[in-house]
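Read the structure below first, then the notes.
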Amino acid sequence: MIGYTLGSYFFRRYASITAWNFVGIGILIFIVTFAEVSSRSAGLPGYSTQWALSLAALQTPIILLQAVPFIGLIAAMATLISLNRKYELVVARAAGVSAWQFLTPIAFGSFVFGVLAVGLLNPLAAHGFSRAQSLETEVRGAKTTANSEAEQWIKQRSGDEETVIGASAVLNGGQVLVRPTFFRIDSEGRIAERLDAERAFLRDGFWELTTVARRRGTAAAEHLVSVQVPTNLRAEFVGEQLTRPEATSIYALPGKIEVAHSFGLRANAFATHFHSLVVLPVLLVAMTLIAATVSMRFTRMGQSATVILGGVLAGFLLYVVSVLVKAFGSAGVVPPVVAAWTPVVVAMFYGVTFLLYKEDG
């Protein structure tokens with residue numbers, strides 16, 4: 001077995017390189033996000049530099065969480081390449097230490113990095129994502145970066161009347177809708193009225209709409225301070241239907257999924273997101289094995305750029321496949337567990353098989 005001193009040394013080298021990469025990429029993401037927010041919002045009435053800095057800081061953790069697999073891959077490759085360049089791996093292997101033995105502390109370090117990302121960074125990212133939505137609506141109204149793709153819609157029934165509700169942003173777990181639109185449909189299936197509001201607050205048994213423009217037929221819009229629309233919806237249901245899974249931390253996701261099941265919903269998007277977070281530490285171990293396949297071979301003049309590029313492309317391919325299969329899981333095409341675990345298990349088998357072939361013949 002590899003000695004404790006040597007194993008802890010490899011672990012510390014990986015941890016140090018990972019920390020520097022994490023901080024450096026985090027600063028880069030913050031700068032780019034701040035520049036992008038400033039360029040989009042500088043002309044708006046409520047814009048200020050402090051607002052842009054706050055919004056960039058809130059959006060940075062969720063972008064950084066998405067970059068964690070690449071940080072793990074780059075850190076593993078950099079660790080192995082630096083150990084090779086200083087002949088430390090050569091000496092270790094000459095002393096009878098196998099590749100499996102000195103890869104173990106690095107793989108363990110990547111697993112710990114994944115656990116920290118899921119346990120600490122994910123709740124921070126989810127809170128920042130929700131807070132960023134609220135902060136951005138103060139200046140940009142409903143058109144936030146998190147929801148600029150399309151409005152989301154749900155339908156409720158109250159007696160003989162149906163109401164179709166759309167909103168561009170959802171705050172406080174489904175209790176507040178930003179710039180909502182309510183289409184009230186009568187018993188004959190015709191649109192009785194349209195309500196456009198600044199905000200809609202879910203109260204006990206009704207929606208409270210503020211700053212409302214009401215339209216009926218071809219008549220001119222009627223402007224009202226407040227309108228109440230009866231409802232039997234609960235905030236959990238509204239949040240389940242309109243909130244993105246990324247706005248929920250891993251600790252709250254099981255409760256969200258259970259609530260969805262209680263409403264008869266499948267909650268595929270939330271379940272797939274939950275399993276993708278659970279599998280993240282294993283994904284980083286798979287990234288480490290991929291890095292080992294291209295970074296352990298000693299060359300006198302250093303690693304070939306083509307070999308390093310091959311490792312980066314292999315890691316990128318794994319990430320793309322993971323995202324693609326995750327989309328299938330969110331759409332209900334495949335079970336969420338299968339969608340989250342299949343690419344990672346395949347990558348693990350690939351890395352282990354390659355190393356077995358190279359090391360053990």
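Going by the structure tokens order, chains are called A, B, ..., each with residues numbered from 1, while ligands are numbered from 1 in the order shown.
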#### Entry: Backbone-only DSSP, helix (DSSP H, G or I) members of range 104-277 of chain A, as number ranges by chain
A: 104-140, 172-174, 235-242, 245-247, 253-262, 268-277
### Task
Excluding Glu208 in chain A and any residue of its chain fewer than 4 positions from it, enumerate the residues within 6 Å of it, using only C-alpha atoms, and give them as a PyMOL selection string.
chain A and resi 200-201+227-228
### Query
CA of Glu198 in chain A and CA of Val225 in chain A are how many Å apart?
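Between CA of Glu198 in chain A and CA of Val225 in chain A the gap works out to 10.2 Å.
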Which residues come within 10 Å of Gln175 in chain A, counting only C-alpha atoms, excluding same-chain residues fewer than 6 positions away, as a PDB file with N, CA, C and O atoms, in the first residue's frame?
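The result, written out as result_36.pdb:
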```pdb
ATOM      1  N   ALA A 200     -48.402  39.523  -8.684  1.00  0.00           N
ATOM      2  CA  ALA A 200     -49.535  38.736  -8.193  1.00  0.00           C
ATOM      3  C   ALA A 200     -49.073  37.996  -6.948  1.00  0.00           C
ATOM      4  O   ALA A 200     -48.060  37.292  -6.984  1.00  0.00           O
ATOM      5  N   PHE A 201     -49.791  38.174  -5.853  1.00  0.00           N
ATOM      6  CA  PHE A 201     -49.434  37.559  -4.575  1.00  0.00           C
ATOM      7  C   PHE A 201     -50.458  36.470  -4.254  1.00  0.00           C
ATOM      8  O   PHE A 201     -51.670  36.726  -4.290  1.00  0.00           O
ATOM      9  N   LEU A 202     -49.973  35.282  -3.947  1.00  0.00           N
ATOM     10  CA  LEU A 202     -50.860  34.170  -3.627  1.00  0.00           C
ATOM     11  C   LEU A 202     -51.271  34.251  -2.158  1.00  0.00           C
ATOM     12  O   LEU A 202     -50.451  34.047  -1.261  1.00  0.00           O
ATOM     13  N   ARG A 203     -52.528  34.564  -1.935  1.00  0.00           N
ATOM     14  CA  ARG A 203     -53.077  34.636  -0.578  1.00  0.00           C
ATOM     15  C   ARG A 203     -53.871  33.355  -0.277  1.00  0.00           C
ATOM     16  O   ARG A 203     -53.870  32.420  -1.058  1.00  0.00           O
ATOM     17  N   TRP A 207     -55.748  35.083  -5.596  1.00  0.00           N
ATOM     18  CA  TRP A 207     -54.591  35.843  -6.069  1.00  0.00           C
ATOM     19  C   TRP A 207     -54.884  37.329  -5.874  1.00  0.00           C
ATOM     20  O   TRP A 207     -55.958  37.805  -6.260  1.00  0.00           O
ATOM     21  N   ARG A 234     -51.964  25.999  -4.323  1.00  0.00           N
ATOM     22  CA  ARG A 234     -51.042  26.187  -3.210  1.00  0.00           C
ATOM     23  C   ARG A 234     -49.695  26.647  -3.753  1.00  0.00           C
ATOM     24  O   ARG A 234     -49.338  26.390  -4.910  1.00  0.00           O
ATOM     25  N   ALA A 235     -48.937  27.332  -2.902  1.00  0.00           N
ATOM     26  CA  ALA A 235     -47.644  27.869  -3.336  1.00  0.00           C
ATOM     27  C   ALA A 235     -46.715  26.751  -3.793  1.00  0.00           C
ATOM     28  O   ALA A 235     -45.930  26.928  -4.730  1.00  0.00           O
ATOM     29  N   GLU A 236     -46.797  25.570  -3.141  1.00  0.00           N
ATOM     30  CA  GLU A 236     -45.931  24.457  -3.525  1.00  0.00           C
ATOM     31  C   GLU A 236     -46.201  24.014  -4.958  1.00  0.00           C
ATOM     32  O   GLU A 236     -45.286  23.708  -5.711  1.00  0.00           O
ATOM     33  N   VAL A 238     -47.579  25.896  -7.401  1.00  0.00           N
ATOM     34  CA  VAL A 238     -47.156  26.958  -8.319  1.00  0.00           C
ATOM     35  C   VAL A 238     -45.641  26.938  -8.485  1.00  0.00           C
ATOM     36  O   VAL A 238     -45.111  27.032  -9.599  1.00  0.00           O
ATOM     37  N   GLY A 239     -44.938  26.804  -7.370  1.00  0.00           N
ATOM     38  CA  GLY A 239     -43.485  26.750  -7.449  1.00  0.00           C
ATOM     39  C   GLY A 239     -42.997  25.545  -8.213  1.00  0.00           C
ATOM     40  O   GLY A 239     -42.020  25.614  -8.967  1.00  0.00           O
TER      41      GLY A 239
END
```
#### Entry: Within 12 Å of Glu88 in chain A using only C-alpha atoms, minus same-chain residues under 3 positions, as a list in words
Leu6, Tyr9, Phe10, Arg13, Thr79, Leu80, Ile81, Ser82, Leu83, Asn84, Arg85, Val91, Ala92, Arg93, Ala94, Ala95, Val97, Phe102, Met296 and Phe298 of chain A
Selection file, N, CA, C and O atoms, as a PDB file, in the first residue's frame:
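The new file selection04.pdb reads:
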```
ATOM      1  N   LEU A   6       3.250   9.814   1.476  1.00  0.00           N
ATOM      2  CA  LEU A   6       3.203  10.033   0.040  1.00  0.00           C
ATOM      3  C   LEU A   6       1.775  10.275  -0.441  1.00  0.00           C
ATOM      4  O   LEU A   6       1.521  11.153  -1.273  1.00  0.00           O
ATOM      5  N   TYR A   9       0.696  13.696   0.466  1.00  0.00           N
ATOM      6  CA  TYR A   9       1.377  14.679  -0.374  1.00  0.00           C
ATOM      7  C   TYR A   9       0.656  14.834  -1.714  1.00  0.00           C
ATOM      8  O   TYR A   9       0.401  15.950  -2.173  1.00  0.00           O
ATOM      9  N   PHE A  10       0.313  13.714  -2.335  1.00  0.00           N
ATOM     10  CA  PHE A  10      -0.433  13.780  -3.600  1.00  0.00           C
ATOM     11  C   PHE A  10      -1.791  14.449  -3.393  1.00  0.00           C
ATOM     12  O   PHE A  10      -2.242  15.235  -4.235  1.00  0.00           O
ATOM     13  N   ARG A  13      -1.289  18.213  -3.054  1.00  0.00           N
ATOM     14  CA  ARG A  13      -0.982  18.832  -4.346  1.00  0.00           C
ATOM     15  C   ARG A  13      -2.266  19.016  -5.164  1.00  0.00           C
ATOM     16  O   ARG A  13      -2.487  20.074  -5.768  1.00  0.00           O
ATOM     17  N   THR A  79      -2.323  18.377 -11.974  1.00  0.00           N
ATOM     18  CA  THR A  79      -1.615  17.693 -10.892  1.00  0.00           C
ATOM     19  C   THR A  79      -0.705  16.599 -11.439  1.00  0.00           C
ATOM     20  O   THR A  79       0.483  16.520 -11.091  1.00  0.00           O
ATOM     21  N   LEU A  80      -1.238  15.752 -12.306  1.00  0.00           N
ATOM     22  CA  LEU A  80      -0.446  14.653 -12.855  1.00  0.00           C
ATOM     23  C   LEU A  80       0.686  15.155 -13.741  1.00  0.00           C
ATOM     24  O   LEU A  80       1.808  14.627 -13.709  1.00  0.00           O
ATOM     25  N   ILE A  81       0.432  16.181 -14.529  1.00  0.00           N
ATOM     26  CA  ILE A  81       1.469  16.723 -15.400  1.00  0.00           C
ATOM     27  C   ILE A  81       2.588  17.356 -14.573  1.00  0.00           C
ATOM     28  O   ILE A  81       3.775  17.179 -14.864  1.00  0.00           O
ATOM     29  N   SER A  82       2.216  18.090 -13.516  1.00  0.00           N
ATOM     30  CA  SER A  82       3.251  18.705 -12.674  1.00  0.00           C
ATOM     31  C   SER A  82       4.071  17.650 -11.936  1.00  0.00           C
ATOM     32  O   SER A  82       5.290  17.794 -11.778  1.00  0.00           O
ATOM     33  N   LEU A  83       3.434  16.569 -11.484  1.00  0.00           N
ATOM     34  CA  LEU A  83       4.175  15.486 -10.838  1.00  0.00           C
ATOM     35  C   LEU A  83       5.112  14.792 -11.827  1.00  0.00           C
ATOM     36  O   LEU A  83       6.215  14.364 -11.462  1.00  0.00           O
ATOM     37  N   ASN A  84       4.682  14.698 -13.071  1.00  0.00           N
ATOM     38  CA  ASN A  84       5.531  14.099 -14.105  1.00  0.00           C
ATOM     39  C   ASN A  84       6.726  14.981 -14.419  1.00  0.00           C
ATOM     40  O   ASN A  84       7.861  14.499 -14.557  1.00  0.00           O
ATOM     41  N   ARG A  85       6.500  16.268 -14.541  1.00  0.00           N
ATOM     42  CA  ARG A  85       7.574  17.171 -14.915  1.00  0.00           C
ATOM     43  C   ARG A  85       8.662  17.244 -13.840  1.00  0.00           C
ATOM     44  O   ARG A  85       9.828  17.504 -14.149  1.00  0.00           O
ATOM     45  N   VAL A  91       9.878   8.579  -9.928  1.00  0.00           N
ATOM     46  CA  VAL A  91      10.515   8.036  -8.723  1.00  0.00           C
ATOM     47  C   VAL A  91       9.549   7.118  -7.980  1.00  0.00           C
ATOM     48  O   VAL A  91       9.942   6.041  -7.501  1.00  0.00           O
ATOM     49  N   ALA A  92       8.289   7.549  -7.880  1.00  0.00           N
ATOM     50  CA  ALA A  92       7.305   6.733  -7.159  1.00  0.00           C
ATOM     51  C   ALA A  92       7.108   5.385  -7.849  1.00  0.00           C
ATOM     52  O   ALA A  92       7.059   4.333  -7.184  1.00  0.00           O
ATOM     53  N   ARG A  93       7.041   5.398  -9.164  1.00  0.00           N
ATOM     54  CA  ARG A  93       6.837   4.142  -9.886  1.00  0.00           C
ATOM     55  C   ARG A  93       8.096   3.277  -9.824  1.00  0.00           C
ATOM     56  O   ARG A  93       8.007   2.048  -9.780  1.00  0.00           O
ATOM     57  N   ALA A  94       9.274   3.907  -9.818  1.00  0.00           N
ATOM     58  CA  ALA A  94      10.508   3.144  -9.677  1.00  0.00           C
ATOM     59  C   ALA A  94      10.610   2.492  -8.301  1.00  0.00           C
ATOM     60  O   ALA A  94      11.256   1.442  -8.149  1.00  0.00           O
ATOM     61  N   ALA A  95       9.960   3.098  -7.301  1.00  0.00           N
ATOM     62  CA  ALA A  95       9.960   2.536  -5.950  1.00  0.00           C
ATOM     63  C   ALA A  95       8.907   1.454  -5.773  1.00  0.00           C
ATOM     64  O   ALA A  95       8.740   0.919  -4.663  1.00  0.00           O
ATOM     65  N   VAL A  97       5.523   1.822  -6.602  1.00  0.00           N
ATOM     66  CA  VAL A  97       4.167   2.342  -6.403  1.00  0.00           C
ATOM     67  C   VAL A  97       3.428   2.269  -7.731  1.00  0.00           C
ATOM     68  O   VAL A  97       3.872   2.822  -8.737  1.00  0.00           O
ATOM     69  N   PHE A 102      -1.062   5.710  -6.538  1.00  0.00           N
ATOM     70  CA  PHE A 102      -0.935   7.172  -6.448  1.00  0.00           C
ATOM     71  C   PHE A 102      -2.131   7.900  -7.064  1.00  0.00           C
ATOM     72  O   PHE A 102      -2.297   9.097  -6.860  1.00  0.00           O
ATOM     73  N   MET A 296      -0.506  10.643 -17.429  1.00  0.00           N
ATOM     74  CA  MET A 296       0.455   9.893 -16.614  1.00  0.00           C
ATOM     75  C   MET A 296       1.700   9.479 -17.384  1.00  0.00           C
ATOM     76  O   MET A 296       2.723   9.208 -16.792  1.00  0.00           O
ATOM     77  N   PHE A 298       5.075   9.531 -19.060  1.00  0.00           N
ATOM     78  CA  PHE A 298       6.212  10.436 -18.939  1.00  0.00           C
ATOM     79  C   PHE A 298       6.841  10.666 -20.301  1.00  0.00           C
ATOM     80  O   PHE A 298       7.114   9.738 -21.050  1.00  0.00           O
TER      81      PHE A 298
END
```
### Summary
Among A:Asn172, A:Gln152, A:Thr231, A:Thr288, Gly114 in chain A is approached most closely, using only C-alpha atoms, by A:Thr288
### Task
Write out as number ranges by chain the residues lying within 12 Å of range 109-111 of chain A, counting only C-alpha atoms and excluding same-chain residues fewer than 5 positions away.
A: 7-19, 68-77, 79, 102-104, 116-118, 278-289, 291
